[in-house]
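Trainee: Below you will find the structure I want to go over with you.
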Amino acid sequence: MSKENVYTLIEEQLKDVFSLFGDEISDGTKKILAKPQKEIIVNFPVKLSNGQVEMFKGYRIQHNNLFGPYKGGLRFYKNIYLDECNALASWMTHKNTLQDLPLGGGKGGLKIDVTKYSDEDLEKISRNFAKALANHVGENVDIPAPDMGSNSQIMDWMNDEHKKVTHSSQNGHYTGKSIILGGSEGRTEATGYGVCQSVKEWAKVNNFDLKGKTFIMQGFGNVGSYAAKFLEENGMKMIAVGDHTGYFSGNINLNELMEYAQKNRGIKGFENLHELSKEDFFKTKCDIVVPAAMELQISEEIAQNLDCKLVVEGANGPTYFAADKVLEKRGIDVIPDILANSGGVVVSYFEWLQNKYSEYWVKEYVIKKLEDKMAQTFKKIHKLKNEKNITYRQACYYYTLKKIDAGYMMKGNIY
Ligand code: NAD
């Protein structure tokens with residue numbers, strides 16, 4: 001598979017499920033899911049604070065809206081490309097269907113290196129991006145959220161600009177906003193919390209006591225740092241961690257590392273850590289490996305060398321298809337991205353509901369609802385996995401494909 005094109009990964013994953021259950025899914029549904037409904041590309045100018053005009057390129061892919069408005073993040077990333085957004089948008093269709101949300105799948109992003117711009121310029125750029133997208137998004141059409149490189153501040157700017165441009169008094173056009181501007185309690189940590197919940201559910205069905213067990217974490221941003229925090233709160237210990245600045249092992253004080261990484265935009269330089277190569281990081285003997293950085297990180301060779309019982313995909317698409325097959329052969333369970341990291345979109349959905357009804361829930365209530373949803377979905381997939389004797393990933397896709405197919409088989413959905 002070409003390292004550059006992550007879209008191939010979802011094609012291979014679906015082909016794998018079709019090779020097992022293809023006769024249960026109609027050809028029409030297979031064809032529909034193979035293409036996004038809309039690929040929106042915008043190029044827009046921004047006059048920066050140095051007086052120069054710069055052009056920016058943004059993407060929004062609306063993959064499928066059979067079950068409701070498109071929903072998915074906006075990545076702010078210097079190397080973003082169209083097929084990456086296509087892959088991520090398709091995964092959102094499956095993720096939202098897996099969680100039985102009344103939402104379709106979308107994803108997008110802005111080609112930008114955020115570290116190169118001041119806050120003042122970032123606000124201008126985000127607002128202009130929202131303006132460029134205004135005809136295509138909105139609370140009943142397509143609801144973006146934060147992803148890699150974006151955050152609640154950016155969602156606040158974009159939601160505000162969208163309201164201005166469209167003369168809207170509604171607040172749920174973007175989710176992942178700051179709480180004071182209509183965000184949901186618990187949204188910031190929701191993806192990491194969901195990652196930890198899936199580990200807890202897996203541990204329950206495997207009679208595996210998490211106390212005293214170890215994990216390694218690739219990626220220490222929003223998803224990775226919160227997943228690590230919650231896993232440690234459940235008695236586990238992080239023994240190695242990596243991000244774009246390097247890979248390290250040692251006796252890590254998690255709270256201090258979280259503060260340090262935020263302040264320094266990375267983990268490099270944190271005291272008393274031993275630097276590792278990426279290869280050695282992934283060879284670390286541990287109980288759980290959590291890739292929570294980006295796609296295409298676990299190659300076939302890395303999969304051969306992992307020394308763990310479970311891989312939990314905090315990131316989207318971190319495992320190459322060939323690597324997935326190696327893990328299956330080696331008997332290492334993988335909780336796939338569309339299940340493991342779905343806590344983020346579940347709480348985004350809660351935010352959207354709260355905005356619609358101008359009703360605000362306390363954190364305990366949000367977390368309890370998130371826990372229930374993650375547990376319910378994990379149980380249904382675990383049951384399917386055992387009934388069909390397949391992997392968690394295959395069981396997730398089997399469920400979503402059957403559900404989407406049933407939707408399309410309703411008279412009138414395909415003309
Ligand atoms: P983030 O920008 O907060 O953090 C990304 C982390 O990955 C950082 O620690 C960064 O240093 C690290 N990283 C970047 N490039 C790397 C590289 N080449 N090698 C090693 N580490 C690298 O992003 P995030 O929101 O935590 O997202 C991480 C992953 O989780 C992405 O795949 C994203 O799509 C997925 N995800 C995020 C959410 C969410 O709610 N934020 C929800 C679902 C899935």
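Here's how to read the names in the structure tokens: chain A, B, ... by the order shown, residue numbers from 1 in each chain, ligand numbers from 1 in the order shown.
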Grab me every residue within 7 Å of ligand 1, counting only C-alpha atoms and all ligand atoms, and send it over as a PyMOL selection string.

Mentor: chain A and resi 146-150+190-191+218-224+242-245+266+292-295+314-316+341-342+344-345

Trainee: Next, the residues of the selection above should be written as a tab-separated table (two decimals), in the first residue's frame with N, CA, C and O atoms.

Mentor:
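Produced file part-v9.tsv, reproduced below:
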chain	number	residue	atom	x	y	z
A	146	PRO	N	-13.49	19.85	16.42
A	146	PRO	CA	-12.02	19.88	16.39
A	146	PRO	C	-11.41	18.53	16.04
A	146	PRO	O	-12.02	17.49	16.25
A	147	ASP	N	-10.22	18.56	15.52
A	147	ASP	CA	-9.43	17.34	15.30
A	147	ASP	C	-7.97	17.75	15.47
A	147	ASP	O	-7.69	18.82	16.04
A	148	MET	N	-7.07	16.96	14.95
A	148	MET	CA	-5.64	17.26	15.07
A	148	MET	C	-5.34	18.70	14.69
A	148	MET	O	-5.72	19.16	13.60
A	149	GLY	N	-4.69	19.44	15.56
A	149	GLY	CA	-4.26	20.79	15.25
A	149	GLY	C	-5.31	21.87	15.48
A	149	GLY	O	-4.99	23.06	15.47
A	150	SER	N	-6.57	21.48	15.67
A	150	SER	CA	-7.59	22.50	15.96
A	150	SER	C	-8.08	22.29	17.40
A	150	SER	O	-7.78	21.27	18.02
A	190	ALA	N	-13.34	13.91	26.18
A	190	ALA	CA	-14.24	12.80	25.84
A	190	ALA	C	-13.57	11.69	25.02
A	190	ALA	O	-13.83	10.50	25.27
A	191	THR	N	-12.71	12.05	24.07
A	191	THR	CA	-12.13	11.00	23.22
A	191	THR	C	-11.20	10.12	24.07
A	191	THR	O	-11.28	8.88	24.00
A	218	GLN	N	1.57	6.52	21.89
A	218	GLN	CA	2.13	7.32	20.80
A	218	GLN	C	1.18	8.48	20.55
A	218	GLN	O	0.01	8.28	20.20
A	219	GLY	N	1.67	9.72	20.71
A	219	GLY	CA	0.81	10.90	20.59
A	219	GLY	C	0.43	11.35	21.98
A	219	GLY	O	-0.06	10.56	22.79
A	220	PHE	N	0.73	12.62	22.28
A	220	PHE	CA	0.41	13.12	23.63
A	220	PHE	C	-0.29	14.46	23.49
A	220	PHE	O	-0.01	15.42	24.20
A	221	GLY	N	-1.23	14.52	22.55
A	221	GLY	CA	-2.06	15.72	22.39
A	221	GLY	C	-3.36	15.52	23.13
A	221	GLY	O	-3.38	14.93	24.22
A	222	ASN	N	-4.45	15.98	22.54
A	222	ASN	CA	-5.74	15.87	23.23
A	222	ASN	C	-6.06	14.41	23.56
A	222	ASN	O	-6.29	14.07	24.73
A	223	VAL	N	-6.08	13.55	22.57
A	223	VAL	CA	-6.51	12.16	22.79
A	223	VAL	C	-5.51	11.42	23.68
A	223	VAL	O	-5.89	10.80	24.68
A	224	GLY	N	-4.24	11.48	23.32
A	224	GLY	CA	-3.22	10.71	24.03
A	224	GLY	C	-3.08	11.11	25.48
A	224	GLY	O	-3.02	10.24	26.37
A	242	GLY	N	5.54	8.86	23.11
A	242	GLY	CA	6.20	9.51	21.97
A	242	GLY	C	5.30	10.55	21.34
A	242	GLY	O	4.07	10.46	21.45
A	243	ASP	N	5.93	11.54	20.72
A	243	ASP	CA	5.15	12.50	19.93
A	243	ASP	C	6.02	12.99	18.78
A	243	ASP	O	7.05	12.37	18.49
A	244	HIS	N	5.65	14.10	18.13
A	244	HIS	CA	6.43	14.53	16.97
A	244	HIS	C	7.83	14.99	17.35
A	244	HIS	O	8.68	15.17	16.50
A	245	THR	N	8.09	15.17	18.66
A	245	THR	CA	9.42	15.61	19.07
A	245	THR	C	10.33	14.44	19.47
A	245	THR	O	11.52	14.65	19.72
A	266	GLY	N	5.15	19.96	23.02
A	266	GLY	CA	5.80	18.66	22.77
A	266	GLY	C	6.42	18.16	24.05
A	266	GLY	O	6.52	18.89	25.05
A	292	ALA	N	-2.06	7.11	19.34
A	292	ALA	CA	-3.02	8.22	19.45
A	292	ALA	C	-2.44	9.47	18.79
A	292	ALA	O	-2.66	10.59	19.24
A	293	ALA	N	-1.69	9.26	17.71
A	293	ALA	CA	-1.08	10.41	17.03
A	293	ALA	C	-1.73	10.64	15.67
A	293	ALA	O	-2.46	11.59	15.46
A	294	MET	N	-1.44	9.74	14.75
A	294	MET	CA	-1.95	9.94	13.39
A	294	MET	C	-2.03	8.61	12.65
A	294	MET	O	-1.67	7.57	13.20
A	295	GLU	N	-2.44	8.67	11.39
A	295	GLU	CA	-2.64	7.45	10.63
A	295	GLU	C	-1.32	6.82	10.19
A	295	GLU	O	-0.28	7.47	10.18
A	314	GLY	N	-6.44	5.01	19.41
A	314	GLY	CA	-6.92	6.35	19.74
A	314	GLY	C	-6.96	7.21	18.49
A	314	GLY	O	-7.86	8.01	18.27
A	315	ALA	N	-5.96	7.05	17.63
A	315	ALA	CA	-5.90	7.79	16.36
A	315	ALA	C	-6.79	7.11	15.33
A	315	ALA	O	-7.18	5.96	15.50
A	316	ASN	N	-7.08	7.82	14.25
A	316	ASN	CA	-7.80	7.23	13.13
A	316	ASN	C	-6.80	6.58	12.18
A	316	ASN	O	-5.82	7.21	11.78
A	341	ASN	N	-12.10	5.45	19.54
A	341	ASN	CA	-12.04	6.91	19.69
A	341	ASN	C	-13.38	7.59	19.44
A	341	ASN	O	-13.45	8.80	19.23
A	342	SER	N	-14.47	6.80	19.51
A	342	SER	CA	-15.79	7.38	19.20
A	342	SER	C	-16.37	8.22	20.34
A	342	SER	O	-17.41	8.87	20.16
A	344	GLY	N	-15.38	10.97	21.41
A	344	GLY	CA	-15.36	12.40	21.02
A	344	GLY	C	-16.63	12.78	20.29
A	344	GLY	O	-17.29	13.76	20.63
A	345	VAL	N	-17.00	11.99	19.30
A	345	VAL	CA	-18.19	12.35	18.52
A	345	VAL	C	-19.47	12.11	19.33
A	345	VAL	O	-20.46	12.82	19.16

Trainee: For range 204-210 of chain A, please output as a PyMOL selection string all residues within 10 Å (counting only C-alpha atoms; exclusion window: fewer than 6 positions along the same chain).

Mentor: chain A and resi 198+231-232+234-237+287-288+379+382

Trainee: Any chance you could list, as a ChimeraX atom specification, the residues in range 316-349 of chain A that come up helix (DSSP H, G or I) when DSSP is run on the backbone?

Mentor: /A:321-330,337-340,343-349

Trainee: Enumerate the residues of range 293-377 of chain A with a DSSP assignment of strand (DSSP E or B), computed from the backbone, and present them as a PyMOL selection string.

Mentor: chain A and resi 298+307+310-312+319+333-335

Trainee: How would the residues just picked look written out with N, CA and C atoms as an mmCIF file, in the first residue's frame?

Mentor:
data_model
loop_
_atom_site.group_PDB
_atom_site.id
_atom_site.type_symbol
_atom_site.label_atom_id
_atom_site.label_comp_id
_atom_site.auth_asym_id
_atom_site.auth_seq_id
_atom_site.Cartn_x
_atom_site.Cartn_y
_atom_site.Cartn_z
ATOM 1 N N ILE A 298 1.602 1.974 12.509
ATOM 2 C CA ILE A 298 2.015 0.607 12.850
ATOM 3 C C ILE A 298 2.150 -0.199 11.556
ATOM 4 N N ASP A 307 5.101 -6.133 21.740
ATOM 5 C CA ASP A 307 5.149 -7.102 22.835
ATOM 6 C C ASP A 307 4.045 -6.743 23.825
ATOM 7 N N LEU A 310 -2.831 -6.012 23.762
ATOM 8 C CA LEU A 310 -3.932 -5.268 23.153
ATOM 9 C C LEU A 310 -3.404 -3.991 22.500
ATOM 10 N N VAL A 311 -3.984 -3.657 21.337
ATOM 11 C CA VAL A 311 -3.729 -2.358 20.698
ATOM 12 C C VAL A 311 -5.050 -1.610 20.691
ATOM 13 N N VAL A 312 -5.054 -0.377 21.172
ATOM 14 C CA VAL A 312 -6.280 0.424 21.193
ATOM 15 C C VAL A 312 -6.042 1.652 20.329
ATOM 16 N N THR A 319 -3.118 1.767 11.940
ATOM 17 C CA THR A 319 -2.555 0.440 11.666
ATOM 18 C C THR A 319 -2.695 0.077 10.188
ATOM 19 N N ASP A 333 -5.364 -8.599 20.284
ATOM 20 C CA ASP A 333 -6.619 -7.906 19.968
ATOM 21 C C ASP A 333 -6.352 -6.462 19.562
ATOM 22 N N VAL A 334 -7.184 -5.951 18.659
ATOM 23 C CA VAL A 334 -7.124 -4.527 18.288
ATOM 24 C C VAL A 334 -8.522 -3.948 18.493
ATOM 25 N N ILE A 335 -8.649 -2.937 19.337
ATOM 26 C CA ILE A 335 -9.932 -2.209 19.404
ATOM 27 C C ILE A 335 -9.804 -1.093 18.376
#

Trainee: Range 63-148 of chain A near range 391-409 of chain A within 10 Å: what's each residue's closest atom pair and its distance in Å to one decimal, counting only C-alpha atoms, ordered by chain then ascending residue number, as CSV?

Mentor:
residue,atom,partner,partner_atom,distance
A:Asn64,CA,A:Ile404,CA,10.0
A:Leu66,CA,A:Gly407,CA,7.3
A:Phe67,CA,A:Gly407,CA,8.0
A:Trp91,CA,A:Tyr397,CA,9.9
A:Thr93,CA,A:Thr400,CA,8.6
A:His94,CA,A:Thr400,CA,5.8
A:Lys95,CA,A:Thr400,CA,8.1
A:Asn96,CA,A:Thr400,CA,8.9
A:Thr97,CA,A:Thr400,CA,5.7
A:Leu98,CA,A:Thr400,CA,5.5
A:Gln99,CA,A:Thr400,CA,9.1
A:Asp100,CA,A:Thr400,CA,9.0

Trainee: Show me, as a ChimeraX atom specification, the residues that have an atom within 10 Å of Leu370 in chain A when counting only C-alpha atoms, minus same-chain residues fewer than 5 positions from it.

Mentor: /A:186,190,193-194,197,342-344,346-347,350,364-365,375-376

Trainee: Mind running range 331-364 of chain A against range 2-23 of chain A at 12 Å and telling me each contacting residue's nearest atom pair with the distance in Å (one decimal), counting only C-alpha atoms, chain and number ascending, as CSV?

Mentor:
residue,atom,partner,partner_atom,distance
A:Pro336,CA,A:Gln13,CA,11.1
A:Asp337,CA,A:Ile10,CA,11.6
A:Ile338,CA,A:Ile10,CA,11.4

Trainee: With all heavy atoms kept, could you save the residues just selected as an mmCIF file, in the first residue's frame?

Mentor:
data_model
loop_
_atom_site.group_PDB
_atom_site.id
_atom_site.type_symbol
_atom_site.label_atom_id
_atom_site.label_comp_id
_atom_site.auth_asym_id
_atom_site.auth_seq_id
_atom_site.Cartn_x
_atom_site.Cartn_y
_atom_site.Cartn_z
ATOM 1 N N PRO A 336 -10.597 -1.174 17.299
ATOM 2 C CA PRO A 336 -10.366 -0.264 16.174
ATOM 3 C C PRO A 336 -10.818 1.149 16.453
ATOM 4 O O PRO A 336 -11.702 1.388 17.289
ATOM 5 C CB PRO A 336 -11.201 -0.888 15.061
ATOM 6 C CG PRO A 336 -12.304 -1.579 15.757
ATOM 7 C CD PRO A 336 -11.737 -2.078 17.063
ATOM 8 N N ASP A 337 -10.205 2.064 15.723
ATOM 9 C CA ASP A 337 -10.500 3.493 15.825
ATOM 10 C C ASP A 337 -11.986 3.835 15.885
ATOM 11 O O ASP A 337 -12.417 4.590 16.756
ATOM 12 C CB ASP A 337 -9.851 4.242 14.640
ATOM 13 C CG ASP A 337 -10.037 3.523 13.293
ATOM 14 O OD1 ASP A 337 -10.839 2.586 13.221
ATOM 15 O OD2 ASP A 337 -9.367 3.924 12.314
ATOM 16 N N ILE A 338 -12.784 3.253 14.993
ATOM 17 C CA ILE A 338 -14.189 3.694 14.925
ATOM 18 C C ILE A 338 -14.953 3.338 16.204
ATOM 19 O O ILE A 338 -15.997 3.914 16.465
ATOM 20 C CB ILE A 338 -14.937 3.184 13.662
ATOM 21 C CG1 ILE A 338 -14.873 1.671 13.524
ATOM 22 C CG2 ILE A 338 -14.388 3.854 12.414
ATOM 23 C CD1 ILE A 338 -15.757 1.159 12.381
#

Trainee: Would you please work out which residue, of A:Lys283, A:Lys116, A:Arg330, A:His136, is nearest to Lys38 in chain A when using only C-alpha atoms?

Mentor: A:His136
